[in-house]
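For reference, data-v1.pdb (PDB, C-alpha atoms):
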```pdb
MODEL        1
ATOM      1  CA  MET A   1     114.005 106.378  93.279
ATOM      2  CA  ASN A   2     115.563 108.300  90.410
ATOM      3  CA  ASN A   3     115.129 106.958  86.874
ATOM      4  CA  GLY A   4     117.161 109.742  85.274
ATOM      5  CA  ASN A   5     115.641 113.047  84.194
ATOM      6  CA  ILE A   6     112.238 113.148  85.894
ATOM      7  CA  TYR A   7     111.009 115.724  83.363
ATOM      8  CA  LYS A   8     111.828 113.574  80.334
ATOM      9  CA  PRO A   9     109.430 110.768  79.381
ATOM     10  CA  ILE A  10     110.636 107.199  78.966
ATOM     11  CA  LYS A  11     109.300 105.390  75.906
ATOM     12  CA  THR A  12     107.046 102.515  76.891
ATOM     13  CA  ARG A  13     105.352  99.811  74.837
ATOM     14  CA  LEU A  14     101.803  98.737  75.653
ATOM     15  CA  LEU A  15     102.035  94.949  75.873
ATOM     16  CA  GLU A  16      98.514  94.002  76.913
ATOM     17  CA  VAL A  17      95.133  95.380  77.954
ATOM     18  CA  ILE A  18      93.271  93.365  80.611
ATOM     19  CA  GLU A  19      89.578  93.968  81.299
ATOM     20  CA  GLU A  20      89.229  93.750  85.065
ATOM     21  CA  SER A  21      85.551  94.754  85.183
ATOM     22  CA  PRO A  22      83.025  96.508  82.919
ATOM     23  CA  THR A  23      84.492  99.868  84.026
ATOM     24  CA  ILE A  24      88.151  99.104  84.860
ATOM     25  CA  LYS A  25      91.095  97.986  82.724
ATOM     26  CA  THR A  26      94.734  97.188  83.426
ATOM     27  CA  PHE A  27      97.392  98.330  80.963
ATOM     28  CA  VAL A  28     100.626  96.320  80.998
ATOM     29  CA  LEU A  29     103.563  98.514  79.992
ATOM     30  CA  GLN A  30     107.154  97.655  79.073
ATOM     31  CA  PRO A  31     109.564 100.591  79.484
ATOM     32  CA  GLU A  32     112.542 100.788  77.135
ATOM     33  CA  ARG A  33     114.802 100.422  80.174
ATOM     34  CA  LYS A  34     114.362  99.103  83.701
ATOM     35  CA  PHE A  35     112.119 101.337  85.777
ATOM     36  CA  SER A  36     112.069 101.517  89.586
ATOM     37  CA  PHE A  37     109.437 102.891  91.942
ATOM     38  CA  HIS A  38     108.586 102.635  95.615
ATOM     39  CA  THR A  39     105.167 101.166  96.323
ATOM     40  CA  GLY A  40     102.641 104.008  96.658
ATOM     41  CA  GLN A  41     104.532 106.400  94.381
ATOM     42  CA  PHE A  42     102.891 107.450  91.103
ATOM     43  CA  ILE A  43     103.875 108.068  87.505
ATOM     44  CA  GLU A  44     102.628 110.353  84.747
ATOM     45  CA  LEU A  45     101.355 108.374  81.748
ATOM     46  CA  ILE A  46     101.644 110.246  78.442
ATOM     47  CA  LEU A  47      99.620 109.751  75.264
ATOM     48  CA  GLU A  48     101.393 111.742  72.579
ATOM     49  CA  GLY A  49      99.126 114.358  71.039
ATOM     50  CA  VAL A  50      96.436 113.708  73.679
ATOM     51  CA  GLY A  51      97.775 114.570  77.124
ATOM     52  CA  GLU A  52      98.965 112.954  80.317
ATOM     53  CA  ALA A  53      97.507 111.813  83.617
ATOM     54  CA  PRO A  54      98.882 110.521  86.948
ATOM     55  CA  PHE A  55      98.452 106.878  87.960
ATOM     56  CA  THR A  56      99.816 104.763  90.793
ATOM     57  CA  PRO A  57     101.255 101.466  89.507
ATOM     58  CA  SER A  58      99.310  98.380  90.533
ATOM     59  CA  SER A  59     102.202  95.982  89.913
ATOM     60  CA  SER A  60     105.000  94.848  92.193
ATOM     61  CA  PRO A  61     107.760  97.409  92.743
ATOM     62  CA  LEU A  62     110.175  94.478  92.687
ATOM     63  CA  VAL A  63     109.514  93.948  88.968
ATOM     64  CA  LYS A  64     111.629  96.389  86.952
ATOM     65  CA  ASP A  65     110.870  95.474  83.334
ATOM     66  CA  LYS A  66     107.069  95.845  83.335
ATOM     67  CA  ILE A  67     104.530  98.138  84.992
ATOM     68  CA  ASP A  68     100.783  97.615  85.418
ATOM     69  CA  ILE A  69      98.506 100.646  85.448
ATOM     70  CA  THR A  70      94.886  99.987  86.424
ATOM     71  CA  VAL A  71      92.497 102.643  85.166
ATOM     72  CA  MET A  72      88.853 103.582  85.526
ATOM     73  CA  ARG A  73      87.587 105.614  82.567
ATOM     74  CA  THR A  74      86.860 109.062  84.009
ATOM     75  CA  GLY A  75      88.056 111.745  81.575
ATOM     76  CA  TYR A  76      89.512 112.653  78.205
ATOM     77  CA  VAL A  77      92.912 110.984  78.613
ATOM     78  CA  THR A  78      91.482 107.766  80.040
ATOM     79  CA  GLN A  79      88.819 107.670  77.316
ATOM     80  CA  ARG A  80      91.544 107.766  74.657
ATOM     81  CA  LEU A  81      93.599 105.243  76.641
ATOM     82  CA  TYR A  82      90.645 102.851  76.570
ATOM     83  CA  GLN A  83      90.756 102.875  72.748
ATOM     84  CA  LEU A  84      94.231 101.277  72.695
ATOM     85  CA  GLN A  85      94.542  97.581  71.918
ATOM     86  CA  GLY A  86      98.224  96.860  72.547
ATOM     87  CA  GLY A  87     101.436  97.473  70.647
ATOM     88  CA  GLU A  88     101.255 101.269  70.900
ATOM     89  CA  THR A  89     104.090 103.422  72.255
ATOM     90  CA  LEU A  90     103.316 105.590  75.277
ATOM     91  CA  GLY A  91     105.462 107.673  77.578
ATOM     92  CA  ILE A  92     105.949 107.620  81.330
ATOM     93  CA  ARG A  93     107.797 109.967  83.633
ATOM     94  CA  GLY A  94     108.562 109.718  87.295
ATOM     95  CA  PRO A  95     108.261 108.146  89.761
ATOM     96  CA  TYR A  96     106.971 110.933  91.946
ATOM     97  CA  GLY A  97     105.823 111.484  95.495
ATOM     98  CA  ARG A  98     106.069 109.627  98.775
ATOM     99  CA  GLY A  99     104.986 106.005  98.956
ATOM    100  CA  TYR A 100     104.002 103.698 101.787
ATOM    101  CA  PRO A 101     106.325 103.707 104.835
ATOM    102  CA  LEU A 102     107.130 100.000 104.780
ATOM    103  CA  GLU A 103     109.477 100.314 107.746
ATOM    104  CA  LYS A 104     106.447 101.239 109.901
ATOM    105  CA  LEU A 105     104.625  98.077 108.790
ATOM    106  CA  TYR A 106     107.363  95.626 109.705
ATOM    107  CA  ASP A 107     106.741  93.367 112.720
ATOM    108  CA  LYS A 108     103.114  94.556 112.774
ATOM    109  CA  GLU A 109      99.658  93.263 111.938
ATOM    110  CA  VAL A 110      98.664  95.240 108.853
ATOM    111  CA  LEU A 111      94.998  96.021 108.244
ATOM    112  CA  VAL A 112      94.413  97.113 104.643
ATOM    113  CA  VAL A 113      91.063  98.645 103.652
ATOM    114  CA  GLY A 114      90.245  99.272 100.000
ATOM    115  CA  GLY A 115      87.292 100.275  97.892
ATOM    116  CA  GLY A 116      86.659 100.159  94.151
ATOM    117  CA  CYS A 117      89.642 101.099  92.007
ATOM    118  CA  GLY A 118      91.518 101.881  95.242
ATOM    119  CA  PHE A 119      92.577  98.229  95.052
ATOM    120  CA  ALA A 120      95.053  99.293  92.314
ATOM    121  CA  PRO A 121      97.718 100.999  94.464
ATOM    122  CA  LEU A 122      96.985  98.513  97.248
ATOM    123  CA  ARG A 123      97.846  95.573  94.996
ATOM    124  CA  SER A 124     101.337  97.008  94.615
ATOM    125  CA  LEU A 125     101.626  97.232  98.406
ATOM    126  CA  LEU A 126     100.278  93.703  98.879
ATOM    127  CA  TYR A 127     102.789  92.338  96.359
ATOM    128  CA  ASN A 128     105.529  94.039  98.363
ATOM    129  CA  LEU A 129     104.256  92.598 101.647
ATOM    130  CA  GLN A 130     104.022  89.132 100.096
ATOM    131  CA  ALA A 131     107.684  89.344  99.144
ATOM    132  CA  GLU A 132     108.577  90.418 102.693
ATOM    133  CA  GLN A 133     106.093  88.315 104.640
ATOM    134  CA  ASP A 134     108.820  87.139 107.010
ATOM    135  CA  ARG A 135     108.976  90.764 108.251
ATOM    136  CA  ILE A 136     105.263  91.126 109.057
ATOM    137  CA  GLN A 137     102.957  89.444 111.558
ATOM    138  CA  LYS A 138      99.917  89.139 109.301
ATOM    139  CA  VAL A 139      97.871  91.093 106.732
ATOM    140  CA  THR A 140      94.093  91.442 106.737
ATOM    141  CA  PHE A 141      92.688  92.892 103.519
ATOM    142  CA  CYS A 142      89.125  94.255 103.565
ATOM    143  CA  TYR A 143      87.789  95.156 100.114
ATOM    144  CA  GLY A 144      84.452  96.619  99.087
ATOM    145  CA  SER A 145      82.925  97.045  95.640
ATOM    146  CA  LYS A 146      79.570  97.969  94.136
ATOM    147  CA  SER A 147      78.780  94.524  92.734
ATOM    148  CA  PRO A 148      80.397  91.127  92.105
ATOM    149  CA  GLN A 149      81.078  92.201  88.508
ATOM    150  CA  GLU A 150      83.036  95.231  89.774
ATOM    151  CA  CYS A 151      85.350  93.172  92.002
ATOM    152  CA  ILE A 152      88.731  93.415  90.295
ATOM    153  CA  TYR A 153      91.804  91.160  90.286
ATOM    154  CA  GLU A 154      89.927  87.899  90.874
ATOM    155  CA  PRO A 155      92.966  85.681  90.058
ATOM    156  CA  TYR A 156      95.108  87.719  92.426
ATOM    157  CA  ILE A 157      92.539  87.376  95.229
ATOM    158  CA  GLU A 158      92.828  83.589  94.947
ATOM    159  CA  GLU A 159      96.619  83.840  94.985
ATOM    160  CA  LEU A 160      96.563  86.067  98.058
ATOM    161  CA  ARG A 161      94.272  83.670  99.920
ATOM    162  CA  SER A 162      96.816  80.888  99.464
ATOM    163  CA  PHE A 163      99.345  82.682 101.701
ATOM    164  CA  PRO A 164      98.936  81.729 105.397
ATOM    165  CA  LYS A 165      99.714  85.224 106.707
ATOM    166  CA  PHE A 166      97.097  86.875 104.470
ATOM    167  CA  GLU A 167      93.366  87.049 105.089
ATOM    168  CA  VAL A 168      90.970  88.496 102.505
ATOM    169  CA  MET A 169      87.468  89.744 103.365
ATOM    170  CA  ARG A 170      85.249  91.133 100.603
ATOM    171  CA  THR A 171      81.852  92.767 100.437
ATOM    172  CA  VAL A 172      79.599  94.228  97.735
ATOM    173  CA  ASP A 173      76.840  96.822  97.910
ATOM    174  CA  GLN A 174      74.509  94.688  95.817
ATOM    175  CA  ALA A 175      74.897  90.922  95.551
ATOM    176  CA  ASP A 176      73.560  88.403  93.036
ATOM    177  CA  GLU A 177      73.271  84.619  92.950
ATOM    178  CA  THR A 178      77.002  84.267  92.178
ATOM    179  CA  TRP A 179      78.114  86.018  95.376
ATOM    180  CA  SER A 180      78.819  84.039  98.569
ATOM    181  CA  GLU A 181      80.742  86.622 100.608
ATOM    182  CA  GLU A 182      79.595  89.652 102.629
ATOM    183  CA  VAL A 183      77.021  92.243 101.534
ATOM    184  CA  GLY A 184      77.206  95.869 102.666
ATOM    185  CA  VAL A 185      79.636  98.773 102.799
ATOM    186  CA  ALA A 186      83.363  98.167 103.216
ATOM    187  CA  THR A 187      83.452  99.658 106.719
ATOM    188  CA  ALA A 188      81.086  96.919 107.926
ATOM    189  CA  LEU A 189      83.900  94.421 107.416
ATOM    190  CA  LEU A 190      85.867  96.162 110.148
ATOM    191  CA  ASP A 191      83.362  94.844 112.710
ATOM    192  CA  LYS A 192      84.476  91.320 111.789
ATOM    193  CA  VAL A 193      88.225  91.929 111.848
ATOM    194  CA  LYS A 194      90.334  90.238 114.502
ATOM    195  CA  VAL A 195      93.461  92.275 115.046
ATOM    196  CA  ASN A 196      95.756  93.284 117.880
ATOM    197  CA  ILE A 197      95.272  97.056 117.760
ATOM    198  CA  HIS A 198      98.301  97.657 119.978
ATOM    199  CA  ASN A 199     100.594  96.057 117.406
ATOM    200  CA  SER A 200      98.842  97.070 114.210
ATOM    201  CA  VAL A 201      98.844  99.733 111.530
ATOM    202  CA  SER A 202      96.199 100.372 108.882
ATOM    203  CA  VAL A 203      96.285 101.479 105.247
ATOM    204  CA  VAL A 204      93.176 102.904 103.561
ATOM    205  CA  VAL A 205      92.623 103.674  99.857
ATOM    206  CA  GLY A 206      89.370 104.224  98.007
ATOM    207  CA  PRO A 207      86.675 106.785  97.213
ATOM    208  CA  PRO A 208      86.841 109.788  99.583
ATOM    209  CA  ILE A 209      83.559 109.014 101.380
ATOM    210  CA  MET A 210      84.661 105.428 101.985
ATOM    211  CA  MET A 211      88.021 106.629 103.322
ATOM    212  CA  LYS A 212      86.323 109.135 105.621
ATOM    213  CA  PHE A 213      84.092 106.554 107.295
ATOM    214  CA  SER A 214      86.861 103.946 107.382
ATOM    215  CA  VAL A 215      89.103 106.355 109.285
ATOM    216  CA  GLN A 216      86.278 107.151 111.717
ATOM    217  CA  LYS A 217      85.772 103.436 112.337
ATOM    218  CA  LEU A 218      89.498 102.763 112.771
ATOM    219  CA  LEU A 219      89.728 105.562 115.341
ATOM    220  CA  GLU A 220      86.763 104.060 117.207
ATOM    221  CA  MET A 221      88.564 100.684 117.159
ATOM    222  CA  GLY A 222      91.518 102.325 118.917
ATOM    223  CA  TYR A 223      94.012 102.949 116.130
ATOM    224  CA  PRO A 224      96.282 105.930 116.891
ATOM    225  CA  GLU A 225      96.078 108.703 114.295
ATOM    226  CA  ASP A 226      99.698 108.162 113.270
ATOM    227  CA  HIS A 227      99.054 104.443 112.631
ATOM    228  CA  ILE A 228      96.518 105.108 109.863
ATOM    229  CA  PHE A 229      98.013 105.689 106.392
ATOM    230  CA  LEU A 230      96.043 107.124 103.493
ATOM    231  CA  SER A 231      96.826 107.464  99.788
ATOM    232  CA  MET A 232      95.081 110.715  98.886
ATOM    233  CA  GLU A 233      95.792 111.047  95.115
ATOM    234  CA  LYS A 234      93.816 114.282  95.113
ATOM    235  CA  ASN A 235      93.400 116.166  91.808
ATOM    236  CA  MET A 236      97.013 115.636  90.835
ATOM    237  CA  SER A 237      98.054 117.015  87.471
ATOM    238  CA  CYS A 238     101.675 118.000  86.793
ATOM    239  CA  GLY A 239     103.201 115.707  89.422
ATOM    240  CA  LEU A 240     105.884 118.251  90.269
ATOM    241  CA  GLY A 241     104.189 120.692  92.643
ATOM    242  CA  LYS A 242     104.081 123.417  89.979
ATOM    243  CA  CYS A 243     100.429 123.689  88.944
ATOM    244  CA  GLY A 244      98.842 123.747  92.410
ATOM    245  CA  HIS A 245      95.838 121.593  91.426
ATOM    246  CA  CYS A 246      96.488 119.125  94.232
ATOM    247  CA  MET A 247      96.916 121.603  97.085
ATOM    248  CA  MET A 248      95.486 120.311 100.362
ATOM    249  CA  GLY A 249      95.961 123.068 102.888
ATOM    250  CA  GLU A 250      99.720 123.494 103.236
ATOM    251  CA  TYR A 251     100.543 120.322 101.299
ATOM    252  CA  PHE A 252     101.155 119.517  97.665
ATOM    253  CA  VAL A 253      99.719 116.008  97.446
ATOM    254  CA  CYS A 254     102.002 115.138  94.522
ATOM    255  CA  LYS A 255     105.190 116.129  96.363
ATOM    256  CA  ASP A 256     104.382 115.684 100.063
ATOM    257  CA  GLY A 257     102.215 112.604  99.446
ATOM    258  CA  PRO A 258     100.255 110.976  98.014
ATOM    259  CA  VAL A 259     100.685 108.793 101.115
ATOM    260  CA  PHE A 260     100.071 110.567 104.432
ATOM    261  CA  SER A 261      99.403 109.452 107.972
ATOM    262  CA  TYR A 262      96.048 110.669 109.243
ATOM    263  CA  ASP A 263      97.627 112.798 111.972
ATOM    264  CA  GLU A 264      99.533 114.742 109.290
ATOM    265  CA  ILE A 265      96.444 115.874 107.384
ATOM    266  CA  LYS A 266      93.520 115.671 109.799
ATOM    267  CA  ASP A 267      93.446 119.450 110.327
ATOM    268  CA  GLN A 268      93.841 120.382 106.666
ATOM    269  CA  PRO A 269      90.693 121.713 104.909
ATOM    270  CA  ASP A 270      88.518 119.554 102.667
ATOM    271  CA  ILE A 271      90.655 116.428 102.872
ATOM    272  CA  TRP A 272      87.737 114.235 101.774
ATOM    273  CA  LYS A 273      86.859 116.256  98.661
TER     274      LYS A 273
ENDMDL
END
```

What would the structure in this file look like if it were written as structure tokens?
Amino acid sequence: MNNGNIYKPIKTRLLEVIEESPTIKTFVLQPERKFSFHTGQFIELILEGVGEAPFTPSSSPLVKDKIDITVMRTGYVTQRLYQLQGGETLGIRGPYGRGYPLEKLYDKEVLVVGGGCGFAPLRSLLYNLQAEQDRIQKVTFCYGSKSPQECIYEPYIEELRSFPKFEVMRTVDQADETWSEEVGVATALLDKVKVNIHNSVSVVVGPPIMMKFSVQKLLEMGYPEDHIFLSMEKNMSCGLGKCGHCMMGEYFVCKDGPVFSYDEIKDQPDIWK
């Protein structure tokens, strides 16, 4: 979707900062004009005088006047971003890349597997599927996190569980007395999933090691390679396929992805790094 000159930033006001967990925050942005993106695409977020970094929106693509960006503090730009309180002016450019192929999810059972901050781009997809639930059979969302305190979007989880076509299964690596759901790695949830493999597709987003073992498990369950979709988001920088930081074999992740089917990238080198 074209929002004008993709090289020129759009001024954006920071409306609110939401603390999702001790290590993850959501930044609610209001662009100066309506902004469109396809779920799974990403934007470049610009802090004037500091730098820019790519993020996949975690909000609904159907909402045009606000954008949520959920961020884990990992580097210089995100460290400076974490110092903002609201009211500041930022820049965004984009959207860039290839998002989720929604047309391949219609009339299917959709199995979504997420880990950690990988829930961020998946929330955008789930919002989209909620809005189009008459076009899907059902959605099973399996989510893993390190601890109960690191489980993000708690209010949204409750909202999602209120929809009959949506099932949510969660697990943590280490539980405490507040936790009543599963304990263990995210892939262990796949042993408990009830899904018609022959009429199902899967979407996986999370840390590389979690994605690797999730794909292995999905293949063992009988998913065809072209029915497994991954959001790679690998070392992206410029967003335009110019710098080469995100090269994955023959692909520029920022231009050819970040969403790929497993059969597209399975033979590329170092896909899990």

| said: Starting from the PyMOL selection byres ((chain A and resi 31) around 8), expand the selection into actual residues of this file and give them as a PyMOL selection string. | reply: chain A and resi 10-13+29-30+32-35+65-67

| If we count all atoms listed in the file, what is near A:Gly75 at a cut-off of 10 Å, once residues fewer than 5 positions away on the same chain are taken out, given as a ChimeraX atom specification? | /A:53,80-81

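Distances from A:Ile92, A:Thr78, A:Met72, A:Phe229 to A:Leu14 were compared using all atoms listed in the file, and the smallest one belongs to A:Ile92.
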
| message | Assuming the chain letters and numbering stay as they are in my file, what does the PyMOL selection byres ((chain A and resi 203) around 12) actually select? List them as an MDAnalysis selection string. | response | chainID A and resid 40 99:102 104:105 109:115 118:119 121:123 125:126 139:143 200:202 204:206 211 214:215 218 223 225:232 259:262

Set up a box along x, y and z of the file covering all listed atoms of stretch 27-37 of chain A, add 4 Å on every one of the six sides, and write the centre and edge lengths in Å to one decimal, as JSON.
```
{"center_x": 106.1, "center_y": 99.6, "center_z": 84.5, "size_x": 25.4, "size_y": 14.6, "size_z": 22.8}
```

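Interatomic distance, atom CA of A:Ser21 against atom CA of A:Ile43: 22.8 Å.
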
| request: Report as a PyMOL selection string the full result of the PyMOL selection byres ((chain A and resi 166) around 8) when it is applied to this structure. | output: chain A and resi 138-141+160-165+167-168

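The shortest atom-to-atom distance to A:Cys238, with all atoms listed in the file taken into account, belongs to A:Ile46 out of A:Ile46, A:Val17, A:Leu219, A:Val195.
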
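Put simply, atom CA of A:Ala120 is 14.8 Å away from atom CA of A:Phe37.
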
| By how many Å are atom CA of A:Asp176 and atom CA of A:Ser145 apart? | 13.0 Å

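Among the candidate residues A:Thr74, A:Ile209, A:Pro224, A:Ala131, the one lying nearest to A:Asp263 is A:Pro224, with distances computed using all atoms listed in the file.
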
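Shortest separation to A:Val28 among A:Pro57, A:Gly222, A:Pro207, A:Gly51 occurs at residue A:Pro57, atoms counted being all atoms listed in the file.
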
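Distances to A:Ala186 were evaluated for A:Ile157, A:Ile152, A:Met169, A:Leu45 using all atoms listed in the file, and the minimum falls at A:Met169.
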
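Nearest-residue note for A:Glu220: choosing from A:Glu154, A:Asp191, A:Glu103, A:Glu233, the minimum distance belongs to A:Asp191, counting only C-alpha atoms.
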
| Selection near A:Gly239, 12 Å with all atoms listed in the file, sequence-local residues under 5 positions removed, as a PyMOL selection string | chain A and resi 6-7+41-45+52-56+92-98+233-234+244-247+252-258

| field | Close residues, A:Ser124 itself excluded, 6 Å, all atoms listed in the file, min 3 positions apart in chain, as a PyMOL selection string | value | chain A and resi 39+58-60+121+127

All heavy atoms are what I want for stretch 77-87 of chain A; can you complete it accordingly and write them as an mmCIF file, in the frame of the given file?
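Wrote part-v6.cif, looks like this:
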```
data_model
loop_
_atom_site.group_PDB
_atom_site.id
_atom_site.type_symbol
_atom_site.label_atom_id
_atom_site.label_comp_id
_atom_site.auth_asym_id
_atom_site.auth_seq_id
_atom_site.Cartn_x
_atom_site.Cartn_y
_atom_site.Cartn_z
ATOM 1 N N VAL A 77 91.726 111.818 78.814
ATOM 2 C CA VAL A 77 92.912 110.984 78.613
ATOM 3 C C VAL A 77 92.567 109.504 78.784
ATOM 4 O O VAL A 77 92.972 108.657 77.976
ATOM 5 C CB VAL A 77 94.043 111.401 79.569
ATOM 6 C CG1 VAL A 77 95.219 110.419 79.481
ATOM 7 C CG2 VAL A 77 94.529 112.812 79.251
ATOM 8 N N THR A 78 91.814 109.177 79.823
ATOM 9 C CA THR A 78 91.482 107.766 80.040
ATOM 10 C C THR A 78 90.544 107.248 78.952
ATOM 11 O O THR A 78 90.607 106.070 78.580
ATOM 12 C CB THR A 78 90.851 107.551 81.429
ATOM 13 O OG1 THR A 78 89.707 108.417 81.581
ATOM 14 C CG2 THR A 78 91.850 107.855 82.527
ATOM 15 N N GLN A 79 89.692 108.086 78.412
ATOM 16 C CA GLN A 79 88.819 107.670 77.316
ATOM 17 C C GLN A 79 89.645 107.280 76.086
ATOM 18 O O GLN A 79 89.375 106.260 75.440
ATOM 19 C CB GLN A 79 87.849 108.796 76.950
ATOM 20 C CG GLN A 79 86.868 108.428 75.838
ATOM 21 C CD GLN A 79 85.875 109.537 75.557
ATOM 22 O OE1 GLN A 79 85.786 110.500 76.306
ATOM 23 N NE2 GLN A 79 85.132 109.403 74.481
ATOM 24 N N ARG A 80 90.672 108.087 75.780
ATOM 25 C CA ARG A 80 91.544 107.766 74.657
ATOM 26 C C ARG A 80 92.408 106.542 74.966
ATOM 27 O O ARG A 80 92.694 105.724 74.086
ATOM 28 C CB ARG A 80 92.417 108.977 74.317
ATOM 29 C CG ARG A 80 91.649 110.168 73.787
ATOM 30 C CD ARG A 80 91.054 109.892 72.411
ATOM 31 N NE ARG A 80 92.097 109.668 71.417
ATOM 32 C CZ ARG A 80 92.648 110.646 70.704
ATOM 33 N NH1 ARG A 80 92.256 111.915 70.870
ATOM 34 N NH2 ARG A 80 93.590 110.371 69.818
ATOM 35 N N LEU A 81 92.822 106.409 76.221
ATOM 36 C CA LEU A 81 93.599 105.243 76.641
ATOM 37 C C LEU A 81 92.799 103.966 76.424
ATOM 38 O O LEU A 81 93.334 102.938 75.999
ATOM 39 C CB LEU A 81 94.000 105.402 78.108
ATOM 40 C CG LEU A 81 94.946 104.369 78.719
ATOM 41 C CD1 LEU A 81 96.292 104.360 78.001
ATOM 42 C CD2 LEU A 81 95.138 104.651 80.199
ATOM 43 N N TYR A 82 91.516 104.021 76.709
ATOM 44 C CA TYR A 82 90.645 102.851 76.570
ATOM 45 C C TYR A 82 90.498 102.406 75.118
ATOM 46 O O TYR A 82 90.038 101.288 74.854
ATOM 47 C CB TYR A 82 89.278 103.154 77.176
ATOM 48 C CG TYR A 82 89.106 102.653 78.584
ATOM 49 C CD1 TYR A 82 90.049 102.938 79.561
ATOM 50 C CD2 TYR A 82 88.006 101.895 78.951
ATOM 51 C CE1 TYR A 82 89.892 102.487 80.861
ATOM 52 C CE2 TYR A 82 87.844 101.433 80.245
ATOM 53 C CZ TYR A 82 88.793 101.733 81.196
ATOM 54 O OH TYR A 82 88.640 101.270 82.469
ATOM 55 N N GLN A 83 90.859 103.249 74.165
ATOM 56 C CA GLN A 83 90.756 102.875 72.748
ATOM 57 C C GLN A 83 91.965 102.061 72.280
ATOM 58 O O GLN A 83 91.945 101.487 71.192
ATOM 59 C CB GLN A 83 90.620 104.139 71.899
ATOM 60 C CG GLN A 83 89.339 104.921 72.164
ATOM 61 C CD GLN A 83 89.307 106.256 71.435
ATOM 62 O OE1 GLN A 83 90.181 106.562 70.625
ATOM 63 N NE2 GLN A 83 88.303 107.066 71.727
ATOM 64 N N LEU A 84 93.016 101.996 73.085
ATOM 65 C CA LEU A 84 94.231 101.277 72.695
ATOM 66 C C LEU A 84 94.030 99.768 72.830
ATOM 67 O O LEU A 84 93.332 99.292 73.717
ATOM 68 C CB LEU A 84 95.408 101.736 73.547
ATOM 69 C CG LEU A 84 95.693 103.251 73.558
ATOM 70 C CD1 LEU A 84 96.929 103.543 74.408
ATOM 71 C CD2 LEU A 84 95.863 103.797 72.149
ATOM 72 N N GLN A 85 94.700 99.031 71.955
ATOM 73 C CA GLN A 85 94.542 97.581 71.918
ATOM 74 C C GLN A 85 95.805 96.826 72.294
ATOM 75 O O GLN A 85 95.764 95.632 72.581
ATOM 76 C CB GLN A 85 94.117 97.151 70.497
ATOM 77 C CG GLN A 85 92.824 97.780 70.022
ATOM 78 C CD GLN A 85 91.635 97.336 70.839
ATOM 79 O OE1 GLN A 85 91.488 96.143 71.149
ATOM 80 N NE2 GLN A 85 90.769 98.271 71.203
ATOM 81 N N GLY A 86 96.939 97.511 72.296
ATOM 82 C CA GLY A 86 98.224 96.860 72.547
ATOM 83 C C GLY A 86 99.165 97.066 71.377
ATOM 84 O O GLY A 86 98.734 97.105 70.219
ATOM 85 N N GLY A 87 100.442 97.241 71.679
ATOM 86 C CA GLY A 87 101.436 97.473 70.647
ATOM 87 C C GLY A 87 101.802 98.939 70.482
ATOM 88 O O GLY A 87 102.817 99.259 69.854
#
```
